[in-house]
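Q: Have a look at this one before I ask anything.
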Amino acid sequence: MQQLNATQIKKSFINTSRREVEKIALPPNLAEIEWAELDYFGWADAKIPQRAYIVVPVDDVPRGLMLRAVPMAKSQAMCSWCEDLHETTGVRMFTAKKAGPSGRNGNSLGTLIHGNFECSEIVRNPPRAVEGHNDFEAHVSMRVDKLNERATSFVKRVLGEK
């Protein structure tokens, strides 16, 4: 993912009002982010625990979404983005208000994502024996591609695209 500064991140949001964007609390360690190791950038709001944000590159354009975490019972679920079968704890349901008039009318979409937004790291983990892959690089490349497809698809659905 390309490196983004605070202004670029705030300008990327597609499902928020200008007033909501002004209130977005960016992570304090923005200068320390290893952007090259990320497929998308996500963080939870330190002041509002139910709120989180993601920025996904869609056709090389950063697209930001404000998310709302849905309270979940203590359970395990598979992340819809990285589809990791082993890291199933900490996965949360997040909803995103749709962009444009549809969102202003109250329409939203939901997805299951790791609550600490670690999918980029997880897809780069070595394959386990159960996964039956002998070619580490091909396996990781395929998982990275699939993560990018799923994240991009979610953002496009929020935008109203297919």
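To be explicit about the labels: the chains of the structure tokens are called A, B, and onward in the order shown, and within each one the residues are counted from 1, while ligands get numbers from 1 in the order they are shown.
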Can you pull out the residues contacting stretch 30-39 of chain A? Cut-off 12 Å, using only C-alpha atoms, and skip same-chain residues under 2 positions away; I want them as a PyMOL selection string.

A: chain A and resi 1-7+9+25-28+41-43+54-58+60+62+81-82+117-124+141+143-152

Q: If you run DSSP over the backbone, which residues in stretch 23-154 of chain A end up alpha helix (DSSP H)? Put them as a list in words.

A: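 Of stretch 23-154 of chain A, only Gly100, Pro101, Ser102, Gly103, Arg104, Cys119, Ser120, Glu121, Ile122, Phe136, Glu137, Ala138, His139, Val140, Ser141, Met142, Arg143, Val144, Asp145, Lys146, Leu147, Asn148, Glu149, Arg150, Ala151, Thr152, Ser153 and Phe154 of chain A fall in alpha helix (DSSP H).
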
Q: Skip A:Arg68 itself and residues of its chain fewer than 4 positions away, then list as an NGL selection string all residues within 10 Å of it, counting only C-alpha atoms.

A: :A and (44 or 48-53 or 93-97 or 110)

Q: Write out as a PyMOL selection string which residues come within 12 Å of A:Leu109 when counting only C-alpha atoms, dropping same-chain ones fewer than 5 positions away.

A: chain A and resi 15+65-70+93-99+102-103+153-160

Q: Just asking: which residues within stretch 38-127 of chain A are strand (DSSP E or B) according to DSSP, as a PyMOL selection string?

A: chain A and resi 41-44+51-58+61-70+91-97+108-114

Q: Please compute the atom CA of A:Ile24-atom CA of A:Lys47 distance, one decimal, in Å.

A: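 That distance, rounded to one decimal, is 10.0 Å.
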
Q: Expressed in Å to a single decimal, how great is the separation between atom CA of A:Glu83 and atom CA of A:Asp45?

A: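 Here the two named atoms are 24.2 Å from each other.
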
Q: Atom CA of A:Arg128 and atom CA of A:Ser80, how far apart in Å?

A: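 We find that atom CA of A:Ser80 and atom CA of A:Arg128 lie 19.3 Å from each other.
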
Q: Determine the nearest neighbour of A:Asn125 from the options A:Glu137, A:Ala46, A:Thr89, A:Gln8, counting only C-alpha atoms.

A: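 Comparing A:Glu137, A:Ala46, A:Thr89, A:Gln8 against A:Asn125, the winner is A:Glu137.
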